[in-house]
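First up is the structure itself, then whatever we jot down about it.
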Amino acid sequence: MDGNQERVVEMMKIILVAGARPNFMKVAPIVRELRARSLEYRPDNPTPTTNNSMLSWKLVHTGQHYDYDMSGSFFEDLEIPEPDHHLEAGSGTHAEQTAKIMVEFEKVCAAEMPDIVVVVGDVNSTLACSVTAKKMGIRVAHVEAGLRSNDLAMPEEVNRLVTDSISDYLFVTENSGQENLLREGKRPDRIFFVGHVMVDNLFYVRQKLNEEKLGNSEVGKLKQRLGDYAFLTMHRPSNVDDPKTFGGIIDALNEISREVPIVFPVHPRTRHQLNINSFWFSDSVVLFPPLPFKESLYLWKDALFVLTDSGGLQEETTALGVPCFTIRENTERPVTIEDGTNRLVGTSPEGILAAYRDFRNGITKKGRVPALWDGHAAERIIEIIIAELLP
């Protein structure tokens with residue numbers, strides 16, 4: 001190149017989408033990796049450079065998870081900036097919520113003109129923004145692609161199938177994701193086994209936990225008082241919306257709590273069902289409002305075992321070697337059972353209590369951390385995006 005010739009700098013624009021609190025846990029490592037590489041073009045970092053190219057990014061919050069307080073401290077805890085765009089989708093049926101997100105996200109894409117939209121997980125925002133971007137000719141990357149429960153009664157399964165069917169880049173967390181995508185006819189060169197950004201965030205936050213500060217907090221004092229305890233999360237509609245199913249689960253949990261106290265941060269959906277059905281927990285089930293991620297991790301990482309119907313907590317417990325009983329009939333995360341500490345116990349009282357009795361009798365899964373769950377998934381994702389899209 002002639003020394004007097006002006007250097008041409010290529011700019012690539014990324015939009016990162018999150019719609020629910022767990023989405024931000026998955027986006028956070030990607031944001032932190034972009035910042036660490038000084039690739040983003042933002043007011044607080046005006047001179048990014050990478051091989052004569054520039055990579056800018058903006059964060060979109062669809063507002064799907066309207067029940068939770070998404071305060072500034074939430075983003076400070078994750079060490080990410082507050083979103084550049086708030087779509088304020090709010091509540092409604094699946095169709096209403098998806099439609100609101102699509103209409104508002106189309107405006108964002110028209111204004112920002114991104115080269116790629118990165119979606120994570122399997123919520124309505126994931127589907128809505130991927131479809132909108134694809135219809136506008138924008139490339140789509142799906143982080144946490146390929147997971148399958150094979151249960152189309154789960155809205156998340158529909159979201160996963162649709163998103164993966166149109167995504168240009170499929171970033172998978174476990175071997176089953178690759179196998180599912182190949183079986184569905186996806187091109188092998190579009191599938192990337194990168195590990196899990198949720199585990200990236202877990203390791204990052206665990207390292208930054210201020211044990212002394214949390215020890216003097218309400219949850220810290222509870223932890224000291226209880227000594228041994230179990231940790232519970234439950235919010236899935238199939239578990240809490242059906243009074244018969246929910247009542248049976250509560251009976252089993254009350255039975256377990258006679259021997260092991262249970263700490264239970266209650267999801268708003270679950271709280272509503274408790275109220276309208278007049279269900280009650282024993283005094284040995286300690287109910288909390290939803291907890292910040294740090295406080296939740298501080299509690300469950302030292303629990304005797306975790307009971308959950310969440311997807312992410314199945315993976316996080318496997319990553320830290322904590323026994324987990326998943327109160328579901330199926331899981332889209334089989335590696336947590338095949339390699340990890342997770343046990344699928346079903347939703348009946350008999351199944352839940354049988355798992356607990358085995359644990360009490362010393363029958364537990366030791367497990368191991370799955371391949372590439374090493375805290376570096378976000379690095380791999382950014383490296384692939386740079387290699388694929390930047391000259």
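Ligands are numbered from 1 in the order shown, residues from 1 within each chain, and chains are lettered A, B, ... in the order they appear in the structure tokens.
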Quick one: pick out all strand (DSSP E) residues within stretch 60-280 of chain A from a backbone DSSP run and write them as an MDAnalysis selection string. chainID A and resid 60:61 85:86 116:120 139:145 169:172 191:193 230:233 262:265
Quick one: residues within 8 Å of A:Asn254, only C-alpha atoms, excluding same-chain residues fewer than 2 positions away - as JSON, numbers by chain? {"A": [250, 251, 252, 256, 257, 258, 281, 282, 284, 285]}
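Minimum atom-to-atom distance to A:His142, evaluated using only C-alpha atoms, belongs to A:Asn23 out of A:Thr245, A:Ser278, A:Thr341, A:Asn23.
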Assign secondary structure with DSSP using the backbone only, and return the residues of stretch 145-297 of chain A in alpha helix (DSSP H) as a CSV table (one decimal) with N, CA and C atoms, in the first residue's frame.
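Listed below is the output, out39.csv:
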chain,number,residue,atom,x,y,z
A,155,PRO,N,-43.1,-24.2,25.1
A,155,PRO,CA,-42.9,-23.0,24.2
A,155,PRO,C,-41.4,-22.8,23.8
A,156,GLU,N,-40.5,-23.1,24.7
A,156,GLU,CA,-39.1,-22.9,24.5
A,156,GLU,C,-38.6,-23.9,23.4
A,157,GLU,N,-39.2,-25.1,23.3
A,157,GLU,CA,-38.8,-26.0,22.2
A,157,GLU,C,-39.1,-25.4,20.8
A,158,VAL,N,-40.3,-24.8,20.7
A,158,VAL,CA,-40.7,-24.2,19.4
A,158,VAL,C,-39.7,-23.1,19.1
A,159,ASN,N,-39.4,-22.3,20.1
A,159,ASN,CA,-38.5,-21.1,19.9
A,159,ASN,C,-37.1,-21.6,19.4
A,160,ARG,N,-36.6,-22.7,20.0
A,160,ARG,CA,-35.3,-23.3,19.7
A,160,ARG,C,-35.3,-23.8,18.2
A,161,LEU,N,-36.4,-24.5,17.9
A,161,LEU,CA,-36.5,-25.1,16.5
A,161,LEU,C,-36.5,-24.0,15.4
A,162,VAL,N,-37.3,-23.0,15.6
A,162,VAL,CA,-37.5,-22.0,14.6
A,162,VAL,C,-36.2,-21.2,14.5
A,163,THR,N,-35.6,-20.8,15.7
A,163,THR,CA,-34.4,-20.0,15.6
A,163,THR,C,-33.3,-20.7,14.9
A,164,ASP,N,-33.1,-22.0,15.3
A,164,ASP,CA,-32.0,-22.8,14.7
A,164,ASP,C,-32.2,-23.0,13.2
A,165,SER,N,-33.5,-23.0,12.7
A,165,SER,CA,-33.8,-23.3,11.3
A,165,SER,C,-33.4,-22.2,10.4
A,166,ILE,N,-33.2,-20.9,11.0
A,166,ILE,CA,-32.9,-19.8,10.1
A,166,ILE,C,-31.6,-19.1,10.5
A,175,ASN,N,-22.3,-31.8,23.0
A,175,ASN,CA,-22.2,-32.6,21.8
A,175,ASN,C,-23.6,-32.9,21.3
A,176,SER,N,-24.6,-33.1,22.2
A,176,SER,CA,-26.0,-33.4,21.7
A,176,SER,C,-26.5,-32.3,20.8
A,177,GLY,N,-26.1,-31.0,21.0
A,177,GLY,CA,-26.5,-29.9,20.2
A,177,GLY,C,-26.0,-30.1,18.7
A,178,GLN,N,-24.7,-30.5,18.6
A,178,GLN,CA,-24.2,-30.8,17.3
A,178,GLN,C,-24.9,-31.9,16.6
A,179,GLU,N,-25.2,-33.0,17.3
A,179,GLU,CA,-25.9,-34.1,16.7
A,179,GLU,C,-27.3,-33.8,16.3
A,180,ASN,N,-28.0,-33.0,17.1
A,180,ASN,CA,-29.3,-32.6,16.7
A,180,ASN,C,-29.4,-31.8,15.5
A,181,LEU,N,-28.4,-30.8,15.4
A,181,LEU,CA,-28.4,-29.9,14.2
A,181,LEU,C,-28.0,-30.7,13.0
A,182,LEU,N,-27.1,-31.5,13.0
A,182,LEU,CA,-26.7,-32.3,11.9
A,182,LEU,C,-27.8,-33.2,11.4
A,183,ARG,N,-28.6,-33.8,12.4
A,183,ARG,CA,-29.7,-34.7,12.1
A,183,ARG,C,-30.8,-33.9,11.4
A,197,VAL,N,-21.6,-20.1,27.5
A,197,VAL,CA,-21.4,-18.7,28.1
A,197,VAL,C,-22.0,-18.6,29.5
A,198,MET,N,-23.0,-19.4,29.8
A,198,MET,CA,-23.6,-19.4,31.1
A,198,MET,C,-22.6,-19.9,32.1
A,199,VAL,N,-21.7,-20.8,31.7
A,199,VAL,CA,-20.7,-21.3,32.6
A,199,VAL,C,-19.6,-20.2,32.7
A,200,ASP,N,-19.3,-19.5,31.6
A,200,ASP,CA,-18.4,-18.4,31.7
A,200,ASP,C,-18.8,-17.4,32.8
A,201,ASN,N,-20.1,-17.1,32.7
A,201,ASN,CA,-20.6,-16.1,33.7
A,201,ASN,C,-20.5,-16.6,35.1
A,202,LEU,N,-20.9,-17.9,35.3
A,202,LEU,CA,-20.9,-18.6,36.6
A,202,LEU,C,-19.5,-18.5,37.2
A,203,PHE,N,-18.4,-18.9,36.4
A,203,PHE,CA,-17.1,-18.9,37.0
A,203,PHE,C,-16.6,-17.4,37.3
A,204,TYR,N,-17.0,-16.5,36.4
A,204,TYR,CA,-16.6,-15.1,36.6
A,204,TYR,C,-17.2,-14.5,37.9
A,205,VAL,N,-18.5,-14.8,38.1
A,205,VAL,CA,-19.2,-14.2,39.2
A,205,VAL,C,-18.7,-14.9,40.5
A,206,ARG,N,-18.5,-16.2,40.5
A,206,ARG,CA,-18.0,-17.0,41.6
A,206,ARG,C,-16.7,-16.4,42.1
A,207,GLN,N,-15.8,-16.1,41.2
A,207,GLN,CA,-14.5,-15.5,41.5
A,207,GLN,C,-14.6,-14.2,42.2
A,208,LYS,N,-15.7,-13.4,41.8
A,208,LYS,CA,-15.8,-12.1,42.4
A,208,LYS,C,-16.7,-12.0,43.6
A,211,GLU,N,-17.4,-13.0,49.9
A,211,GLU,CA,-17.9,-13.9,50.9
A,211,GLU,C,-18.2,-13.2,52.2
A,212,GLU,N,-17.2,-12.4,52.6
A,212,GLU,CA,-17.3,-11.7,53.9
A,212,GLU,C,-18.5,-10.7,53.9
A,213,LYS,N,-18.7,-10.0,52.8
A,213,LYS,CA,-19.8,-9.0,52.7
A,213,LYS,C,-21.1,-9.8,52.7
A,214,LEU,N,-21.2,-10.8,51.9
A,214,LEU,CA,-22.5,-11.6,51.8
A,214,LEU,C,-22.8,-12.3,53.1
A,215,GLY,N,-21.7,-12.7,53.8
A,215,GLY,CA,-21.9,-13.4,55.1
A,215,GLY,C,-22.6,-12.6,56.1
A,218,GLU,N,-28.6,-10.7,54.9
A,218,GLU,CA,-29.7,-11.6,55.3
A,218,GLU,C,-29.5,-13.0,54.9
A,219,VAL,N,-29.1,-13.2,53.6
A,219,VAL,CA,-28.9,-14.6,53.1
A,219,VAL,C,-27.7,-15.2,53.8
A,220,GLY,N,-26.7,-14.4,54.1
A,220,GLY,CA,-25.5,-15.0,54.8
A,220,GLY,C,-25.8,-15.5,56.2
A,221,LYS,N,-26.6,-14.7,56.9
A,221,LYS,CA,-27.0,-15.1,58.2
A,221,LYS,C,-27.9,-16.3,58.2
A,222,LEU,N,-28.8,-16.4,57.2
A,222,LEU,CA,-29.6,-17.6,57.0
A,222,LEU,C,-28.8,-18.8,56.8
A,223,LYS,N,-27.8,-18.7,55.9
A,223,LYS,CA,-26.9,-19.8,55.6
A,223,LYS,C,-26.2,-20.3,56.8
A,224,GLN,N,-25.7,-19.4,57.6
A,224,GLN,CA,-25.0,-19.8,58.9
A,224,GLN,C,-26.0,-20.5,59.8
A,225,ARG,N,-27.2,-19.9,59.9
A,225,ARG,CA,-28.1,-20.5,60.8
A,225,ARG,C,-28.6,-21.9,60.4
A,226,LEU,N,-28.8,-22.1,59.1
A,226,LEU,CA,-29.3,-23.4,58.7
A,226,LEU,C,-28.2,-24.5,58.7
A,237,PRO,N,-44.4,-23.3,33.8
A,237,PRO,CA,-45.9,-23.4,33.8
A,237,PRO,C,-46.5,-24.8,34.0
A,238,SER,N,-45.8,-25.8,33.4
A,238,SER,CA,-46.3,-27.2,33.5
A,238,SER,C,-46.3,-27.7,34.9
A,239,ASN,N,-45.4,-27.1,35.8
A,239,ASN,CA,-45.4,-27.5,37.2
A,239,ASN,C,-46.3,-26.7,38.1
A,240,VAL,N,-46.3,-25.4,37.9
A,240,VAL,CA,-47.0,-24.5,38.8
A,240,VAL,C,-48.4,-24.1,38.4
A,243,PRO,N,-52.9,-27.1,39.4
A,243,PRO,CA,-53.0,-27.3,40.8
A,243,PRO,C,-52.7,-28.7,41.3
A,244,LYS,N,-53.1,-29.7,40.6
A,244,LYS,CA,-52.8,-31.0,41.0
A,244,LYS,C,-51.3,-31.3,41.0
A,245,THR,N,-50.7,-31.0,39.9
A,245,THR,CA,-49.2,-31.2,39.8
A,245,THR,C,-48.5,-30.4,40.8
A,246,PHE,N,-48.8,-29.1,40.9
A,246,PHE,CA,-48.2,-28.2,41.9
A,246,PHE,C,-48.4,-28.7,43.3
A,247,GLY,N,-49.6,-29.1,43.6
A,247,GLY,CA,-49.9,-29.6,45.0
A,247,GLY,C,-49.1,-30.8,45.3
A,248,GLY,N,-48.9,-31.7,44.4
A,248,GLY,CA,-48.1,-32.9,44.7
A,248,GLY,C,-46.7,-32.6,44.9
A,249,ILE,N,-46.1,-31.7,44.1
A,249,ILE,CA,-44.7,-31.3,44.3
A,249,ILE,C,-44.5,-30.7,45.6
A,250,ILE,N,-45.5,-29.8,46.0
A,250,ILE,CA,-45.4,-29.2,47.3
A,250,ILE,C,-45.4,-30.2,48.5
A,251,ASP,N,-46.3,-31.2,48.3
A,251,ASP,CA,-46.3,-32.2,49.4
A,251,ASP,C,-44.9,-32.9,49.5
A,252,ALA,N,-44.3,-33.2,48.3
A,252,ALA,CA,-43.0,-33.9,48.4
A,252,ALA,C,-41.9,-33.0,49.0
A,253,LEU,N,-42.0,-31.7,48.7
A,253,LEU,CA,-41.0,-30.8,49.2
A,253,LEU,C,-41.2,-30.6,50.7
A,254,ASN,N,-42.4,-30.5,51.2
A,254,ASN,CA,-42.7,-30.4,52.6
A,254,ASN,C,-42.2,-31.7,53.3
A,255,GLU,N,-42.3,-32.8,52.7
A,255,GLU,CA,-41.8,-34.1,53.3
A,255,GLU,C,-40.3,-34.0,53.4
A,256,ILE,N,-39.6,-33.6,52.4
A,256,ILE,CA,-38.1,-33.5,52.4
A,256,ILE,C,-37.7,-32.5,53.5
A,257,SER,N,-38.4,-31.4,53.6
A,257,SER,CA,-38.0,-30.3,54.5
A,257,SER,C,-38.1,-30.7,56.0
A,268,PRO,N,-42.2,-14.8,40.6
A,268,PRO,CA,-43.5,-14.2,40.6
A,268,PRO,C,-44.7,-15.1,40.1
A,269,ARG,N,-44.4,-15.9,39.1
A,269,ARG,CA,-45.4,-16.8,38.6
A,269,ARG,C,-45.8,-17.8,39.6
A,270,THR,N,-44.8,-18.3,40.3
A,270,THR,CA,-45.1,-19.3,41.3
A,270,THR,C,-45.8,-18.7,42.5
A,271,ARG,N,-45.4,-17.5,42.9
A,271,ARG,CA,-46.0,-16.8,44.0
A,271,ARG,C,-47.5,-16.6,43.7
A,272,HIS,N,-47.8,-16.3,42.5
A,272,HIS,CA,-49.2,-16.0,42.1
A,272,HIS,C,-50.0,-17.3,42.2
A,273,GLN,N,-49.5,-18.4,41.8
A,273,GLN,CA,-50.2,-19.7,41.9
A,273,GLN,C,-50.3,-20.2,43.3
A,274,LEU,N,-49.3,-19.9,44.2
A,274,LEU,CA,-49.4,-20.2,45.6
A,274,LEU,C,-50.6,-19.4,46.2
A,275,ASN,N,-50.7,-18.2,45.8
A,275,ASN,CA,-51.8,-17.3,46.4
A,275,ASN,C,-53.2,-17.8,46.0
A,276,ILE,N,-53.4,-18.0,44.7
A,276,ILE,CA,-54.7,-18.3,44.2
A,276,ILE,C,-55.2,-19.7,44.5
A,277,ASN,N,-54.2,-20.6,44.8
A,277,ASN,CA,-54.6,-21.9,45.2
A,277,ASN,C,-54.5,-22.2,46.7
A,293,PHE,N,-28.4,-12.6,41.2
A,293,PHE,CA,-27.6,-13.8,40.8
A,293,PHE,C,-26.5,-14.1,41.8
A,294,LYS,N,-25.8,-13.0,42.3
A,294,LYS,CA,-24.7,-13.3,43.2
A,294,LYS,C,-25.2,-13.9,44.5
A,295,GLU,N,-26.3,-13.4,45.0
A,295,GLU,CA,-26.9,-14.0,46.3
A,295,GLU,C,-27.4,-15.4,46.1
A,296,SER,N,-28.0,-15.6,44.9
A,296,SER,CA,-28.5,-17.0,44.6
A,296,SER,C,-27.3,-18.0,44.5
A,297,LEU,N,-26.3,-17.6,43.8
A,297,LEU,CA,-25.1,-18.4,43.7
A,297,LEU,C,-24.5,-18.7,45.0
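Here atom CA of A:Pro83 and atom CA of A:Val60 stand 5.4 Å from one another.
Nearest-residue note for A:Tyr298: choosing from A:Leu209, A:Val17, A:Asn361, A:Val119, the minimum distance belongs to A:Leu209, counting only C-alpha atoms.
Residue nearest A:Leu372, chosen from A:Val194, A:Pro292, A:Asn210, A:Ala355 and counting only C-alpha atoms: A:Val194.
From atom CA of A:Tyr169 back to atom CA of A:Lys13, the distance works out to 15.8 Å.
Distance annotation: of A:His196, A:Ala133, A:Met54, A:Val172, the residue with the minimal separation from A:Glu379 is A:His196; atom set is only C-alpha atoms.
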Selection near A:Thr233, 7 Å with only C-alpha atoms, sequence-local residues under 6 positions removed, as a list in words: Phe264, Pro265, Leu307, Thr308 and Asp309 of chain A
Requested write-out: N, CA and C atoms of the selected residues, as a tab-separated table (two decimals), in the first residue's frame:
chain	number	residue	atom	x	y	z
A	264	PHE	N	-35.94	-21.23	49.25
A	264	PHE	CA	-36.73	-21.13	48.02
A	264	PHE	C	-36.98	-19.67	47.64
A	265	PRO	N	-36.17	-19.09	46.72
A	265	PRO	CA	-36.51	-17.79	46.15
A	265	PRO	C	-37.69	-17.98	45.18
A	307	LEU	N	-32.91	-28.51	43.94
A	307	LEU	CA	-34.12	-28.97	43.25
A	307	LEU	C	-34.55	-27.85	42.30
A	308	THR	N	-34.84	-28.17	41.03
A	308	THR	CA	-35.14	-27.10	40.09
A	308	THR	C	-35.94	-27.63	38.91
A	309	ASP	N	-36.65	-26.72	38.24
A	309	ASP	CA	-37.20	-27.05	36.93
A	309	ASP	C	-36.61	-26.11	35.87
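Using only C-alpha atoms for every distance, the candidate list A:Pro81, A:Gly185, A:Gly92, A:Gly227 yields A:Pro81 as the residue closest to A:Trp57.
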Write out as a VMD selection string which residues come within 8 Å of stretch 329-338 of chain A when counting only C-alpha atoms, dropping same-chain ones fewer than 4 positions away. chain A and resid 147 to 151 174 to 176 311 314 to 315 318 342 to 347 370
From the set A:Met12, A:Val103, A:Ala141, A:Leu87, which residue has the shortest atom-to-atom contact distance to A:Ile384, counting only C-alpha atoms? A:Ala141
Identify, on the basis of only C-alpha atoms, every residue whose closest approach to stretch 321-324 of chain A does not exceed 9 Å; exclude the query and any residue fewer than 4 positions from it along the same chain; express the result as an MDAnalysis selection string. chainID A and resid 300:308 313:314 316:317 340:344 359 364:369
Could those residues be written to a file, using C-alpha atoms, as a CSV table (one decimal), in the first residue's frame?
chain,number,residue,atom,x,y,z
A,300,TRP,CA,-26.9,-22.8,46.1
A,301,LYS,CA,-23.1,-23.4,45.5
A,302,ASP,CA,-22.9,-24.8,49.1
A,303,ALA,CA,-26.3,-26.5,49.3
A,304,LEU,CA,-26.5,-30.3,49.9
A,305,PHE,CA,-28.5,-30.5,46.7
A,306,VAL,CA,-30.5,-28.4,44.4
A,307,LEU,CA,-34.1,-29.0,43.2
A,308,THR,CA,-35.1,-27.1,40.1
A,313,LEU,CA,-29.4,-24.3,36.9
A,314,GLN,CA,-29.1,-27.9,35.6
A,316,GLU,CA,-24.6,-24.5,36.5
A,317,THR,CA,-24.8,-27.3,39.2
A,340,GLY,CA,-22.8,-34.2,35.2
A,341,THR,CA,-24.5,-34.2,38.6
A,342,ASN,CA,-28.1,-33.9,37.4
A,343,ARG,CA,-30.9,-36.4,37.9
A,344,LEU,CA,-34.2,-36.2,36.1
A,359,PHE,CA,-29.4,-39.1,48.2
A,364,THR,CA,-25.3,-39.6,44.5
A,365,LYS,CA,-23.8,-38.7,41.1
A,366,LYS,CA,-20.2,-37.4,41.3
A,367,GLY,CA,-20.2,-36.3,37.7
A,368,ARG,CA,-17.6,-34.3,35.8
A,369,VAL,CA,-17.5,-31.0,34.0
